[in-house]
Structure formats: C-alpha cells, structure tokens
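A.B. asks: Data: structure.cif, mmCIF, C-alpha atoms.
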data_protein
#
loop_
_atom_site.label_atom_id
_atom_site.label_comp_id
_atom_site.auth_asym_id
_atom_site.auth_seq_id
_atom_site.Cartn_x
_atom_site.Cartn_y
_atom_site.Cartn_z
CA MET A 1 0.00 0.00 0.00
CA LYS A 2 2.83 2.34 1.00
CA ASN A 3 4.73 1.40 -2.13
CA ALA A 4 1.69 2.04 -4.32
CA LEU A 5 1.30 5.47 -2.74
CA LEU A 6 4.98 6.26 -3.29
CA ILE A 7 4.73 5.17 -6.95
CA THR A 8 1.59 7.28 -7.48
CA ILE A 9 3.24 10.36 -5.94
CA GLY A 10 6.33 9.77 -8.05
CA LEU A 11 4.30 9.49 -11.26
CA LEU A 12 2.50 12.73 -10.38
CA ILE A 13 5.77 14.51 -9.63
CA ILE A 14 7.20 13.85 -13.12
CA PRO A 15 4.61 15.98 -14.99
CA LEU A 16 4.91 18.61 -12.25
CA GLN A 17 8.66 18.73 -12.87
CA SER A 18 8.17 19.13 -16.61
CA ASN A 19 5.41 21.69 -16.28
CA LEU A 20 5.36 23.87 -13.17
CA VAL A 21 9.03 23.75 -12.20
CA ASN A 22 9.93 25.52 -15.48
CA ASN A 23 8.34 28.66 -14.03
CA ILE A 24 10.97 28.87 -11.28
CA ALA A 25 14.01 28.15 -13.47
CA LEU A 26 17.02 30.42 -12.86
CA TRP A 27 19.34 31.02 -15.82
CA GLY A 28 17.70 28.06 -17.53
CA VAL A 29 18.39 25.67 -14.64
CA LYS A 30 15.55 24.28 -12.56
CA PRO A 31 15.45 22.33 -9.31
CA ASP A 32 14.97 18.58 -9.60
CA ILE A 33 11.95 17.64 -7.49
CA ILE A 34 12.23 13.98 -8.50
CA PHE A 35 15.71 14.07 -6.92
CA ILE A 36 14.19 15.59 -3.77
CA PHE A 37 11.53 12.85 -3.64
CA VAL A 38 14.11 10.07 -4.06
CA TYR A 39 16.29 11.75 -1.41
CA ALA A 40 13.30 11.78 0.96
CA ILE A 41 12.69 8.06 0.34
CA GLY A 42 16.37 7.43 1.11
CA LEU A 43 16.10 9.30 4.41
CA THR A 44 12.84 7.65 5.45
CA TYR A 45 13.43 4.06 4.38
CA ASN A 46 16.62 2.25 3.42
CA GLU A 47 19.18 2.27 0.62
CA GLU A 48 17.61 -0.66 -1.24
CA LYS A 49 14.14 0.83 -1.37
CA ALA A 50 15.46 4.27 -2.34
CA MET A 51 17.65 2.70 -5.01
CA LEU A 52 14.74 0.71 -6.48
CA MET A 53 12.33 3.65 -6.36
CA GLY A 54 15.00 5.95 -7.79
CA ALA A 55 15.63 3.51 -10.64
CA GLY A 56 11.89 3.22 -11.34
CA PHE A 57 11.20 6.96 -11.35
CA GLY A 58 14.41 7.55 -13.29
CA LEU A 59 13.23 5.10 -15.96
CA ALA A 60 9.84 6.83 -16.16
CA VAL A 61 11.63 10.19 -16.59
CA ASP A 62 13.85 8.67 -19.30
CA ILE A 63 10.86 7.26 -21.16
CA PHE A 64 9.07 10.57 -21.06
CA SER A 65 12.06 12.79 -21.79
CA GLY A 66 13.92 12.97 -25.08
CA GLY A 67 17.27 12.24 -23.48
CA LEU A 68 19.41 9.16 -23.15
CA LEU A 69 17.35 6.14 -22.05
CA GLY A 70 18.81 4.71 -18.84
CA LEU A 71 20.52 7.96 -17.79
CA ASN A 72 18.10 8.89 -15.02
CA LEU A 73 17.52 5.24 -14.12
CA LEU A 74 21.14 4.95 -13.07
CA SER A 75 21.64 8.45 -11.64
CA LYS A 76 18.43 8.47 -9.60
CA ALA A 77 19.22 4.97 -8.29
CA ALA A 78 22.64 6.31 -7.24
CA THR A 79 20.92 9.28 -5.58
CA GLY A 80 18.62 6.92 -3.66
CA PHE A 81 21.60 4.88 -2.52
CA ALA A 82 23.59 7.95 -1.48
CA ALA A 83 20.62 9.46 0.38
CA GLY A 84 19.99 6.20 2.22
CA ALA A 85 23.65 5.66 3.09
CA LEU A 86 24.86 9.23 3.72
CA GLY A 87 21.70 11.18 4.54
CA LYS A 88 20.71 8.99 7.49
CA ARG A 89 24.14 9.13 9.09
CA ILE A 90 24.16 12.91 9.26
CA LEU A 91 20.69 13.32 10.76
CA ASN A 92 22.16 14.31 14.14
CA MET A 93 24.71 16.65 12.68
CA ARG A 94 24.57 20.38 12.08
CA LEU A 95 22.36 22.09 9.57
CA ARG A 96 25.29 23.29 7.44
CA LEU A 97 26.63 19.80 7.10
CA GLN A 98 23.26 18.46 5.99
CA ILE A 99 22.97 21.13 3.29
CA LEU A 100 26.53 20.31 2.24
CA VAL A 101 25.65 16.62 1.86
CA ILE A 102 22.62 17.43 -0.32
CA PHE A 103 24.86 19.76 -2.38
CA PHE A 104 27.43 17.00 -2.69
CA VAL A 105 24.88 14.32 -3.68
CA THR A 106 23.43 16.64 -6.37
CA ILE A 107 26.90 17.34 -7.77
CA LEU A 108 27.58 13.59 -7.85
CA GLU A 109 24.29 12.97 -9.65
CA VAL A 110 24.86 15.64 -12.32
CA ILE A 111 28.51 14.58 -12.81
CA LEU A 112 27.37 10.96 -13.24
CA GLN A 113 24.79 12.11 -15.81
CA ILE A 114 27.41 14.14 -17.71
CA ILE A 115 29.85 11.19 -17.70
CA LEU A 116 27.12 8.84 -19.01
CA LEU A 117 26.22 11.41 -21.68
CA SER A 118 29.85 11.65 -22.79
CA LEU A 119 30.14 7.85 -22.91
CA PHE A 120 26.84 6.95 -24.57
CA SER A 121 25.67 10.12 -26.31
CA LYS A 122 26.98 13.41 -27.62
CA GLY A 123 28.21 14.76 -24.30
CA ILE A 124 27.69 18.29 -23.13
CA MET A 125 29.66 21.51 -23.56
CA PHE A 126 32.05 22.20 -20.70
CA PHE A 127 30.72 25.60 -19.66
CA VAL A 128 27.09 24.47 -19.96
CA GLY A 129 27.91 21.42 -17.82
CA MET A 130 29.66 23.53 -15.16
CA LYS A 131 26.77 25.98 -15.02
CA ILE A 132 24.26 23.14 -14.63
CA ILE A 133 26.35 21.36 -11.99
CA PHE A 134 26.71 24.36 -9.67
CA LEU A 135 23.35 26.01 -10.18
CA GLN A 136 21.46 22.74 -9.84
CA ALA A 137 23.45 21.77 -6.75
CA LEU A 138 22.70 25.15 -5.14
CA TYR A 139 19.07 25.07 -6.17
CA ASN A 140 18.55 21.44 -5.12
CA SER A 141 20.21 21.81 -1.73
CA LEU A 142 18.09 24.87 -0.98
CA PHE A 143 14.84 23.25 -2.14
CA THR A 144 15.60 19.86 -0.61
CA PHE A 145 16.32 21.46 2.70
CA VAL A 146 13.24 23.69 2.72
CA LEU A 147 10.93 20.88 1.60
CA LEU A 148 12.50 18.14 3.70
CA TRP A 149 13.22 20.11 6.89
CA PRO A 150 10.02 18.86 8.61
CA LEU A 151 10.90 15.28 7.62
CA ILE A 152 14.48 15.63 8.87
CA LYS A 153 13.20 17.05 12.18
CA ARG A 154 10.70 14.20 12.57
CA LEU A 155 13.33 11.55 11.81
CA LYS A 156 15.70 13.20 14.29
CA ARG A 157 13.01 13.08 17.02
CA GLU A 158 12.24 9.44 16.27
CA ARG A 159 15.92 8.56 16.47
CA GLU A 160 16.32 10.36 19.82
CA TRP A 161 13.24 8.61 21.14
CA LEU A 162 14.60 5.23 20.06
CA LEU A 163 17.97 5.94 21.69
CA SER A 164 16.36 6.99 25.00
CA ALA A 165 14.11 3.91 24.95
CA LYS A 166 17.15 1.72 24.39
CA GLU A 167 18.99 3.40 27.27
CA SER A 168 16.09 2.94 29.68
CA ILE A 169 15.88 -0.77 28.75
CA LEU A 170 19.62 -1.14 29.36
CA ILE A 171 19.39 0.62 32.77
CA ARG A 172 16.61 -1.72 33.85
CA MET B 1 19.79 -22.70 2.31
CA SER B 2 23.09 -21.02 1.47
CA LYS B 3 21.74 -19.38 -1.70
CA PRO B 4 19.07 -17.20 -0.06
CA ARG B 5 21.57 -16.24 2.62
CA PHE B 6 24.04 -15.17 -0.08
CA PHE B 7 21.38 -13.02 -1.75
CA TYR B 8 20.32 -11.58 1.58
CA THR B 9 23.84 -10.62 2.64
CA HIS B 10 24.74 -9.19 -0.78
CA LYS B 11 21.33 -7.66 -1.52
CA LYS B 12 22.58 -4.10 -2.07
CA GLY B 13 25.44 -5.15 -4.34
CA ILE B 14 23.23 -7.46 -6.42
CA LEU B 15 20.60 -4.75 -6.77
CA LEU B 16 23.22 -2.23 -7.87
CA ILE B 17 24.66 -4.62 -10.45
CA VAL B 18 21.18 -5.39 -11.83
CA ILE B 19 20.38 -1.65 -12.12
CA ILE B 20 23.71 -0.94 -13.86
CA LEU B 21 23.13 -3.85 -16.29
CA ILE B 22 19.60 -2.64 -17.11
CA ALA B 23 20.91 0.91 -17.64
CA ILE B 24 23.67 -0.31 -19.98
CA ILE B 25 21.17 -2.38 -22.00
CA LEU B 26 18.83 0.63 -22.24
CA MET B 27 21.66 2.90 -23.37
CA SER B 28 22.29 0.73 -26.46
CA PRO B 29 21.98 2.76 -29.71
CA ASN B 30 19.14 0.57 -31.04
CA LEU B 31 16.88 1.45 -28.12
CA GLN B 32 17.88 5.13 -28.26
CA ARG B 33 16.80 5.46 -31.89
CA ARG B 34 13.36 3.91 -31.48
CA PRO B 35 10.87 5.97 -33.55
CA ARG B 36 7.82 5.08 -31.45
CA TYR B 37 7.24 4.32 -27.84
CA TYR B 38 7.22 0.60 -27.11
CA LEU B 39 3.99 -0.95 -25.81
CA ILE B 40 5.49 -1.22 -22.34
CA GLU B 41 6.34 2.53 -22.32
CA ARG B 42 2.93 3.71 -23.50
CA PRO B 43 1.03 3.47 -20.18
CA ILE B 44 3.70 5.63 -18.48
CA VAL B 45 3.63 8.18 -21.33
CA PHE B 46 -0.18 8.14 -21.28
CA ILE B 47 -0.41 8.74 -17.50
CA ILE B 48 2.24 11.47 -17.48
CA SER B 49 0.94 13.33 -20.56
CA THR B 50 -2.66 13.16 -19.27
CA VAL B 51 -1.63 14.63 -15.92
CA GLN B 52 0.47 17.18 -17.78
CA SER B 53 -2.50 18.32 -19.88
CA GLY B 54 -4.54 18.63 -16.69
CA ILE B 55 -1.83 20.68 -14.98
CA THR B 56 -1.56 23.00 -18.01
CA SER B 57 -5.32 23.66 -17.94
CA ALA B 58 -5.34 24.09 -14.15
CA LYS B 59 -2.36 26.45 -14.37
CA GLU B 60 -4.21 28.63 -16.85
CA GLY B 61 -7.30 28.66 -14.62
CA VAL B 62 -5.30 29.59 -11.54
CA SER B 63 -3.44 32.33 -13.42
CA ARG B 64 -6.76 33.76 -14.61
CA ILE B 65 -8.06 33.80 -11.01
CA TRP B 66 -4.77 35.23 -9.75
CA ASN B 67 -4.82 38.02 -12.35
CA GLY B 68 -8.33 38.86 -11.23
CA TYR B 69 -7.17 39.01 -7.63
CA ILE B 70 -4.19 41.25 -8.43
CA ASN B 71 -6.46 43.62 -10.29
CA LEU B 72 -8.81 43.73 -7.32
CA VAL B 73 -6.00 44.73 -4.97
CA ARG B 74 -4.78 47.47 -7.31
CA VAL B 75 -8.22 48.94 -7.68
CA GLN B 76 -8.68 49.10 -3.92
CA GLU B 77 -5.45 51.04 -3.58
CA GLU B 78 -6.24 53.45 -6.39
CA ASN B 79 -9.69 54.54 -5.43
CA LYS B 80 -11.85 53.23 -2.63
CA ARG B 81 -14.92 55.09 -3.71
CA LEU B 82 -14.93 53.60 -7.19
CA LYS B 83 -13.75 50.26 -5.98
CA LYS B 84 -16.53 48.05 -7.22
CA GLU B 85 -16.80 49.68 -10.61
CA ILE B 86 -13.09 49.74 -11.29
CA GLU B 87 -12.71 46.22 -10.00
CA THR B 88 -15.23 44.92 -12.49
CA LEU B 89 -13.78 46.99 -15.33
CA LYS B 90 -10.22 45.98 -14.62
CA THR B 91 -11.06 42.33 -14.37
CA GLU B 92 -13.06 42.51 -17.55
CA ASN B 93 -10.31 44.47 -19.23
CA ASN B 94 -7.79 41.89 -18.21
CA ASN B 95 -9.93 39.08 -19.53
CA TYR B 96 -10.38 40.96 -22.80
CA LYS B 97 -6.66 41.61 -23.04
CA GLU B 98 -5.98 37.95 -22.46
CA MET B 99 -8.51 37.12 -25.17
CA VAL B 100 -6.96 39.64 -27.55
CA TYR B 101 -3.43 38.32 -26.93
CA SER B 102 -4.65 34.79 -27.38
CA PHE B 103 -6.53 35.85 -30.54
CA GLU B 104 -3.47 37.66 -31.91
CA ARG B 105 -1.30 34.65 -31.23
CA MET B 106 -3.78 32.33 -32.90
CA GLN B 107 -4.22 34.76 -35.80
CA ALA B 108 -0.46 34.93 -36.36
CA LEU B 109 -0.30 31.17 -36.29
CA LEU B 110 -3.30 30.86 -38.60
CA GLY B 111 -1.96 33.51 -40.98
CA PHE B 112 1.33 31.71 -41.13
CA LYS B 113 -0.46 28.39 -41.55
CA GLU B 114 -2.44 29.74 -44.52
CA THR B 115 0.53 31.32 -46.27
CA ALA B 116 2.98 28.51 -45.57
CA PRO B 117 3.57 26.31 -48.63
CA PHE B 118 3.09 23.12 -46.62
CA LYS B 119 0.28 21.34 -44.87
CA THR B 120 0.41 21.92 -41.14
CA ILE B 121 -1.41 20.96 -38.00
CA SER B 122 -1.45 23.19 -34.92
CA ALA B 123 -0.34 21.79 -31.57
CA ARG B 124 -0.06 22.98 -28.01
CA ILE B 125 3.00 22.52 -25.81
CA ILE B 126 1.93 20.54 -22.76
CA GLY B 127 5.30 19.98 -21.10
CA LYS B 128 9.01 20.62 -21.21
CA ASP B 129 11.92 18.30 -20.51
CA THR B 130 12.33 17.37 -16.87
CA SER B 131 16.10 17.70 -16.83
CA ASN B 132 18.48 20.58 -17.49
CA LEU B 133 20.53 18.53 -19.92
CA PHE B 134 18.09 18.15 -22.82
CA LYS B 135 15.87 20.58 -24.70
CA THR B 136 12.62 18.88 -25.63
CA PHE B 137 8.91 19.72 -25.61
CA THR B 138 5.88 17.47 -25.42
CA ILE B 139 3.01 18.49 -27.69
CA ASN B 140 -0.64 17.42 -27.49
CA ARG B 141 -0.69 15.80 -30.95
CA GLY B 142 0.28 12.22 -31.66
CA GLU B 143 -0.12 9.33 -34.04
CA LYS B 144 -3.91 9.68 -33.93
CA ASP B 145 -3.52 13.18 -35.42
CA GLY B 146 -1.17 11.92 -38.14
CA ILE B 147 2.08 12.91 -36.46
CA LYS B 148 5.12 10.86 -37.42
CA LYS B 149 8.79 10.80 -36.48
CA ASP B 150 10.97 13.50 -38.12
CA MET B 151 8.04 15.81 -38.89
CA VAL B 152 9.22 19.41 -38.60
CA VAL B 153 7.79 21.68 -35.90
CA ILE B 154 7.69 25.41 -36.59
CA ALA B 155 6.42 28.69 -35.17
CA PRO B 156 5.70 31.90 -37.13
CA GLU B 157 9.24 33.11 -36.25
CA GLY B 158 11.00 30.01 -37.58
CA ILE B 159 12.08 26.46 -36.87
CA VAL B 160 11.30 24.96 -33.46
CA GLY B 161 12.58 21.41 -33.96
CA ARG B 162 11.48 17.99 -35.12
CA VAL B 163 9.38 15.15 -33.75
CA ILE B 164 11.58 12.38 -32.37
CA ARG B 165 9.02 10.07 -30.77
CA THR B 166 5.28 9.66 -31.01
CA SER B 167 2.51 8.07 -29.01
CA GLY B 168 -1.27 8.04 -29.46
CA ARG B 169 -2.09 11.55 -28.28
CA SER B 170 1.27 13.21 -27.67
CA SER B 171 4.69 13.56 -29.28
CA LEU B 172 8.16 14.48 -28.17
CA VAL B 173 9.85 17.35 -30.04
CA LEU B 174 13.63 17.77 -30.10
CA LEU B 175 14.33 21.52 -30.15
CA SER B 176 16.89 23.04 -32.51
CA ILE B 177 18.87 24.23 -29.44
CA ASP B 178 19.40 20.67 -28.12
CA ARG B 179 22.92 19.25 -28.43
CA ASN B 180 21.57 16.35 -30.50
CA SER B 181 19.88 18.58 -33.07
CA GLU B 182 21.51 19.27 -36.43
CA ILE B 183 19.99 21.27 -39.30
CA ALA B 184 21.48 21.80 -42.77
CA ALA B 185 21.64 25.58 -43.06
CA ILE B 186 22.62 28.35 -45.43
CA ILE B 187 23.58 31.97 -44.83
CA GLN B 188 20.96 33.97 -46.72
CA ARG B 189 23.30 36.77 -47.89
CA THR B 190 26.52 34.91 -48.70
CA ARG B 191 24.93 31.51 -49.58
CA ASP B 192 27.55 29.68 -47.49
CA GLU B 193 26.35 26.27 -46.38
CA GLY B 194 26.88 24.78 -42.97
CA ILE B 195 25.23 22.81 -40.19
CA ILE B 196 23.37 24.33 -37.26
CA GLU B 197 23.97 22.42 -34.05
CA GLY B 198 22.32 23.10 -30.69
CA LYS B 199 24.56 24.16 -27.83
CA GLY B 200 22.32 22.95 -25.03
CA SER B 201 21.76 26.58 -23.99
CA SER B 202 19.59 29.19 -25.73
CA LEU B 203 22.05 29.46 -28.63
CA THR B 204 23.03 27.37 -31.62
CA HIS B 205 26.37 26.90 -33.32
CA LEU B 206 26.94 27.12 -37.10
CA LYS B 207 29.60 24.63 -38.17
CA TYR B 208 31.70 24.10 -41.31
CA ILE B 209 31.69 27.69 -42.65
CA PRO B 210 35.10 28.29 -44.31
CA ILE B 211 37.42 30.84 -42.69
CA LEU B 212 37.45 33.02 -45.83
CA SER B 213 33.70 33.45 -45.84
CA ASP B 214 32.41 37.03 -45.48
CA ILE B 215 29.89 36.48 -42.70
CA LYS B 216 28.84 39.36 -40.49
CA GLU B 217 26.86 39.67 -37.29
CA GLY B 218 23.17 40.02 -38.06
CA ASP B 219 23.25 37.77 -41.15
CA ALA B 220 20.13 35.62 -41.43
CA VAL B 221 20.50 31.84 -41.35
CA ILE B 222 17.87 29.70 -43.05
CA ALA B 223 17.36 25.97 -43.64
CA SER B 224 19.03 24.72 -46.82
CA GLY B 225 16.82 21.64 -47.14
CA LEU B 226 19.83 19.41 -47.78
CA ASP B 227 19.23 17.24 -44.73
CA GLY B 228 15.96 15.99 -46.20
CA ILE B 229 14.06 16.86 -43.01
CA TYR B 230 13.75 20.66 -42.73
CA PRO B 231 12.20 22.38 -45.80
CA LYS B 232 14.40 24.91 -47.57
CA GLY B 233 13.89 28.56 -46.63
CA LEU B 234 12.60 28.16 -43.07
CA ASN B 235 14.05 30.79 -40.72
CA ILE B 236 16.56 29.52 -38.19
CA GLY B 237 18.12 32.62 -36.64
CA LYS B 238 20.62 35.48 -36.83
CA VAL B 239 24.40 35.39 -36.53
CA ILE B 240 25.41 37.03 -33.26
CA SER B 241 29.12 36.35 -33.14
CA VAL B 242 31.82 35.34 -35.62
CA LYS B 243 35.23 34.25 -34.37
CA ARG B 244 38.24 33.59 -36.57
CA GLY B 245 40.84 31.27 -35.04
CA ASP B 246 44.50 31.64 -36.16
CA ALA B 247 45.00 28.10 -37.39
CA ALA B 248 41.38 27.04 -37.82
CA LEU B 249 39.83 25.97 -41.11
CA PHE B 250 36.32 26.99 -40.15
CA LEU B 251 34.73 29.99 -38.48
CA GLU B 252 33.29 29.81 -34.98
CA ILE B 253 29.78 31.17 -35.42
CA ASP B 254 27.05 31.54 -32.81
CA VAL B 255 23.48 31.88 -34.03
CA MET B 256 20.60 33.19 -31.94
CA PRO B 257 17.40 31.34 -32.94
CA ASP B 258 14.52 33.53 -34.17
CA THR B 259 12.12 31.44 -32.09
CA ASP B 260 11.80 32.41 -28.43
CA PHE B 261 11.66 28.94 -26.91
CA ALA B 262 10.98 30.22 -23.39
CA ARG B 263 7.70 31.88 -24.41
CA LEU B 264 6.47 29.35 -26.94
CA GLU B 265 2.95 28.03 -26.26
CA ASP B 266 1.55 26.94 -29.63
CA VAL B 267 3.36 25.47 -32.63
CA LEU B 268 2.66 24.04 -36.08
CA VAL B 269 3.72 20.60 -37.23
CA ILE B 270 4.45 20.22 -40.96
CA THR B 271 2.64 17.06 -42.00
CA ASN B 272 3.57 16.71 -45.69
#
Would you mind writing the file's structure down as structure tokens?

C.D. replies:
Amino acid sequence: MKNALLITIGLLIIPLQSNLVNNIALWGVKPDIIFIFVYAIGLTYNEEKAMLMGAGFGLAVDIFSGGLLGLNLLSKAATGFAAGALGKRILNMRLRLQILVIFFVTILEVILQIILLSLFSKGIMFFVGMKIIFLQALYNSLFTFVLLWPLIKRLKREREWLLSAKESILIR
Amino acid sequence: MSKPRFFYTHKKGILLIVIILIAIILMSPNLQRRPRYYLIERPIVFIISTVQSGITSAKEGVSRIWNGYINLVRVQEENKRLKKEIETLKTENNNYKEMVYSFERMQALLGFKETAPFKTISARIIGKDTSNLFKTFTINRGEKDGIKKDMVVIAPEGIVGRVIRTSGRSSLVLLSIDRNSEIAAIIQRTRDEGIIEGKGSSLTHLKYIPILSDIKEGDAVIASGLDGIYPKGLNIGKVISVKRGDAALFLEIDVMPDTDFARLEDVLVITN
C-alpha cells in the first residue's frame, strides 16, 4: 500500500517537474523535485528501497524525456543509494553539514549524468555542464532542505526517542 | 539454504549490479533510436501526458483567477470610492486583453499556416523536458492526429525542432537548441552552407563555414533543405558572433534562434 502510494506520488511529480518547475528556473536551470523525492525516500526508508524507487522513477523520466534512455535510471538509483547511506548518518549533525551533503549528492548525480552522456551520447559543452552542476546543486540543496526540513526534524526526534528507549531498557 | 543467505547478505550489491546492467542495456543505440514508444512505455507516457494536460489547464485557470485578484487589490489602492466599478472593469479588461493576446497569437499562427507552402497541424506545448541537460517539448498531438517521427515543428518566427518520438495523443519534439539537433543551413546573404547544431543553452552553433567566408553579425540563417528533413527557406536565426581562429579551417559562429523557446505556447507541425 505504501509502495503504491509512493509510486503514485512519483508518477505525479514527473509531470509537475516538466510543467510547473519551469516557471521557477534560474538562468535556464531548474530544481529537480524527482531528486528531492528520491532523497526523501532514502532518508525515510533504506538504501535498497530508495535505489529501487530511484531507478523506477528515473526510468519513467527517461521514457518521457527525449534524453538518453537509462541515464536517469542509473543516476536516480545512485541518488537513492547515497541518500539512504549518507543522509541517514548525518541526521544528528549540524544544519550546514546536511545542506553540504545534499549539495554534494546533487553534484555527484549531475557529474554521473554528464559522464554517461559523454560515454553513450553526444556529451555536453564544458561551460554548460559547469553551469548546470553548480546552479542545480545550489538550487537542489536549498529546495531539498526547505521541503524536507520537517521530515528531517521528525526523523531526528524518532531517532532520539529510540535511543532513549534503548537506554532505559539497558538501565533496567 | 546457502543461496538465499548469499542473496540476503549481498542484496545491495546485487541490486546495484542489476540496475547498472539494465541501464547499460537501455543505453544501447538501437533502443535510443526507437521511432515510437514501445507498448510497455505507453502506459507511463499516457499517464504522465494526461496529468500534464490537466496541470496545463489548471495552471491557466489559476493564473486567470490570480490576475483577477491582483487587479482587485490594485483597484482598492487606487480609489476606494470607485472600488466596485473599477474592480469589475479591470477584471473585464484583463480578460479581454488575455482574449486579444490569445486571438493575436492564434491569428499569427493561422496567418502563417495559410501562407505557408506546406500542410500543417497546430499543436499545443503541454510539457518541457524534466532535466536541465536536454531541450525537448511534449506536444498534445500524436499518431492519432497523423504525427510521425521527423516531422518538422515550426512557429511563425521560424524552426522549433522535429518530432523524435510519437505516441497516441502526444509527441516528443527535439528543439533546434538541443545538443543532438543538427539542421542543414545556409547563410541567406553569402549563400555559405553549414550545419546548425544546438549548444544545449539558448544558442546554436553554425559549423563548417570556411574561414574566408564574409559572414557578419546580423546575417540571417535559413534551412538549406539538404538534410531531407527541414524544408528549404525556413528561418533559423541570426548570426550574433563570428570568431576567426589563427590556425582554424572553419569559423566559430554563434546563431541566436529567431524562435523564443521560453515563451512558446503553440506550434505548427508540418505534415507533408
């Protein structure tokens, strides 16, 4: 049931990304809300689920977009994996560090896409690639943080509660 | 007993390998060049393009309501006494303006459609590419409207791109500014022939123009028709910069497309 809901939300996010998000593009670069959704799945569940969901949504994006088929499948799966593995570990850390991790994961995702494009397609011009990498990383980290801040806070609380429950069991 | 345990302990690695393998298979050139969506892809395209059409309509409705609201606020500030009257007039005025703009746009498209020497079908852009790496549009016309792969998409200002994939009620258009787009072109004044290639930004690049050619900024670039896809004479854009390298054989030319891709809402697809 949960999976069906996640898939439905994901399939609704793709047309939103291709339609509404264009209105908030800066210098031709827009935030990637599919990335944000996969990142959220990585934080909430585990690496495997985020990887699978990321691959599925990435494939849907690839089918619908005119780009290289398989590009988003791989990069969004990698995002899911990174969010599950890295994102969870830094939940207790400072705000700046969390933004930095999101920034870093976005850069990794775009670099992976550019590498795949150079290997399997026509590649991308250097300055266009650099612009996309930095602007999208900035944009994504800002948006991810604003949209996912309530989720991060909730997960933090849950983790603290779990730790205190564990401690009280140990004391007894 | 040992097999499931192996899968369980190496679940992440196995999953990663499977995803990489699927991605590599999908990236094969044969699958990239498919002219139509496969049967398995169609439900996804159908769901996404249907939602997209809905969002486009909803967006227009919300913007109409929002414009009405903005007008209301302005009128209140301007004159409280005449608030109601002005409010109604402004809202009406805005609706009329919107109708006039829409009418003008449609008239321009219709005028162009009537004078153009080819058979065309009008289409509406219902979505743009989700990523920042590709430049594509989705239009609300598909196979059921007679759209086929490689049909040219134009606007009154000039070339927009060509259809690269079709489904029942929607099609994917590769814009002339995409890195994968190439158009056989000719400089209108000097008659030098070259190839227009997208730069992945809002500009295009004109390749293979000899260094001795007398090209100036502002020269018009049109389709030469030699690629067998784009009809000869269609506007592409204007030369905005010409660079001459010391040891280069060809000029480095940037061309600004005549079509404003950011503001494009309706297009024509050449069907013959």

A.B. asks: Sorted by chain and rising residue number, list the residues of region 11-90 of chain A at most 12 Å from region 118-124 of chain A (counting all atoms listed in the file), each with its closest atom pair and distance in Å to one decimal, as a Markdown table.

C.D. replies:
| residue | atom | partner | partner_atom | distance |
| --- | --- | --- | --- | --- |
| A:Gly67 | CA | A:Ser121 | CA | 9.1 |
| A:Leu68 | CA | A:Ser121 | CA | 7.1 |
| A:Leu69 | CA | A:Phe120 | CA | 9.9 |
| A:Gly70 | CA | A:Phe120 | CA | 10.1 |
| A:Leu71 | CA | A:Phe120 | CA | 9.3 |

A.B. asks: Those residues with C-alpha atoms, as a short mmCIF file (atom, residue, chain, number, x, y, z; two decimals), in the coordinates of the input please?

C.D. replies:
data_model
loop_
_atom_site.label_atom_id
_atom_site.label_comp_id
_atom_site.auth_asym_id
_atom_site.auth_seq_id
_atom_site.Cartn_x
_atom_site.Cartn_y
_atom_site.Cartn_z
CA GLY A 67 17.27 12.24 -23.48
CA LEU A 68 19.41 9.16 -23.15
CA LEU A 69 17.35 6.14 -22.05
CA GLY A 70 18.81 4.71 -18.84
CA LEU A 71 20.52 7.96 -17.79
#

A.B. asks: Any idea what the distance is between CA of Ser167 (chain B) and CA of Arg36 (chain B)?

C.D. replies: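 Between CA of Ser167 (chain B) and CA of Arg36 (chain B) the gap works out to 6.6 Å.
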
A.B. asks: My list of candidates is A:Asn22, A:Tyr45, A:Leu151, A:Ser75. Which is closest to Ile115 (chain A) when distances are computed with all atoms listed in the file?

C.D. replies: A:Ser75

A.B. asks: If we count all atoms listed in the file, which residues of chain A reach to within 9 Å of chain B? Please list them as a PyMOL selection string.

C.D. replies: chain A and resi 11-12+14-22+28-32+47-48+51-52+55+59-61+63-74+77-78+113-114+120-125+128-129+132+136

A.B. asks: What is the distance, in Å and to one decimal place, between CA of Ile41 (chain A) and CA of Met53 (chain A)?

C.D. replies: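 Distance reported for this atom pair: 8.0 Å.
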
A.B. asks: If the PyMOL selection byres ((chain B and resi 229-242) around 10) were run on this exact file, what residues would it hold? Put them as an NGL selection string.

C.D. replies: :B and (116-118 or 150-162 or 176 or 183-188 or 196 or 203-206 or 215-228 or 243-245 or 251-259 or 270)

A.B. asks: With 6 Å of padding per side, what axis-aligned box (centre and edge lengths, Å, one decimal) covers all the listed atoms of region 245-252 of chain B? Give it as AutoDock Vina command-line options.

C.D. replies:
--center_x 39.1 --center_y 28.8 --center_z -38.0 --size_x 23.7 --size_y 17.7 --size_z 18.1

A.B. asks: Go through A:Asn23, A:Thr144, A:Phe37, A:Leu5 and flag the residue nearest Ile99 (chain A), using only C-alpha atoms for the distances.

C.D. replies: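 Between A:Asn23, A:Thr144, A:Phe37, A:Leu5, the residue approaching Ile99 (chain A) most closely is A:Thr144.
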
A.B. asks: One number please: CA of Gly194 (chain B) to CA of Ala248 (chain B), in Å, one decimal.

C.D. replies: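 Pair CA of Gly194 (chain B) / CA of Ala248 (chain B) returns 15.6 Å.
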
A.B. asks: Applied to the shown file, which residues does the PyMOL selection byres ((chain A and resi 79) around 10) return, written as a ChimeraX atom specification?

C.D. replies: /A:35-36,38-39,42,47,50-51,54-55,72,74-78,80-85,102,105-106,108-109

A.B. asks: Generate the output file for the selected residues, C-alpha atoms, as a CSV table (one decimal), in the coordinates of the input.

C.D. replies:
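Result saved to part_34.csv:
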chain,number,residue,atom,x,y,z
A,35,PHE,CA,15.7,14.1,-6.9
A,36,ILE,CA,14.2,15.6,-3.8
A,38,VAL,CA,14.1,10.1,-4.1
A,39,TYR,CA,16.3,11.8,-1.4
A,42,GLY,CA,16.4,7.4,1.1
A,47,GLU,CA,19.2,2.3,0.6
A,50,ALA,CA,15.5,4.3,-2.3
A,51,MET,CA,17.6,2.7,-5.0
A,54,GLY,CA,15.0,6.0,-7.8
A,55,ALA,CA,15.6,3.5,-10.6
A,72,ASN,CA,18.1,8.9,-15.0
A,74,LEU,CA,21.1,5.0,-13.1
A,75,SER,CA,21.6,8.4,-11.6
A,76,LYS,CA,18.4,8.5,-9.6
A,77,ALA,CA,19.2,5.0,-8.3
A,78,ALA,CA,22.6,6.3,-7.2
A,80,GLY,CA,18.6,6.9,-3.7
A,81,PHE,CA,21.6,4.9,-2.5
A,82,ALA,CA,23.6,8.0,-1.5
A,83,ALA,CA,20.6,9.5,0.4
A,84,GLY,CA,20.0,6.2,2.2
A,85,ALA,CA,23.6,5.7,3.1
A,102,ILE,CA,22.6,17.4,-0.3
A,105,VAL,CA,24.9,14.3,-3.7
A,106,THR,CA,23.4,16.6,-6.4
A,108,LEU,CA,27.6,13.6,-7.8
A,109,GLU,CA,24.3,13.0,-9.6
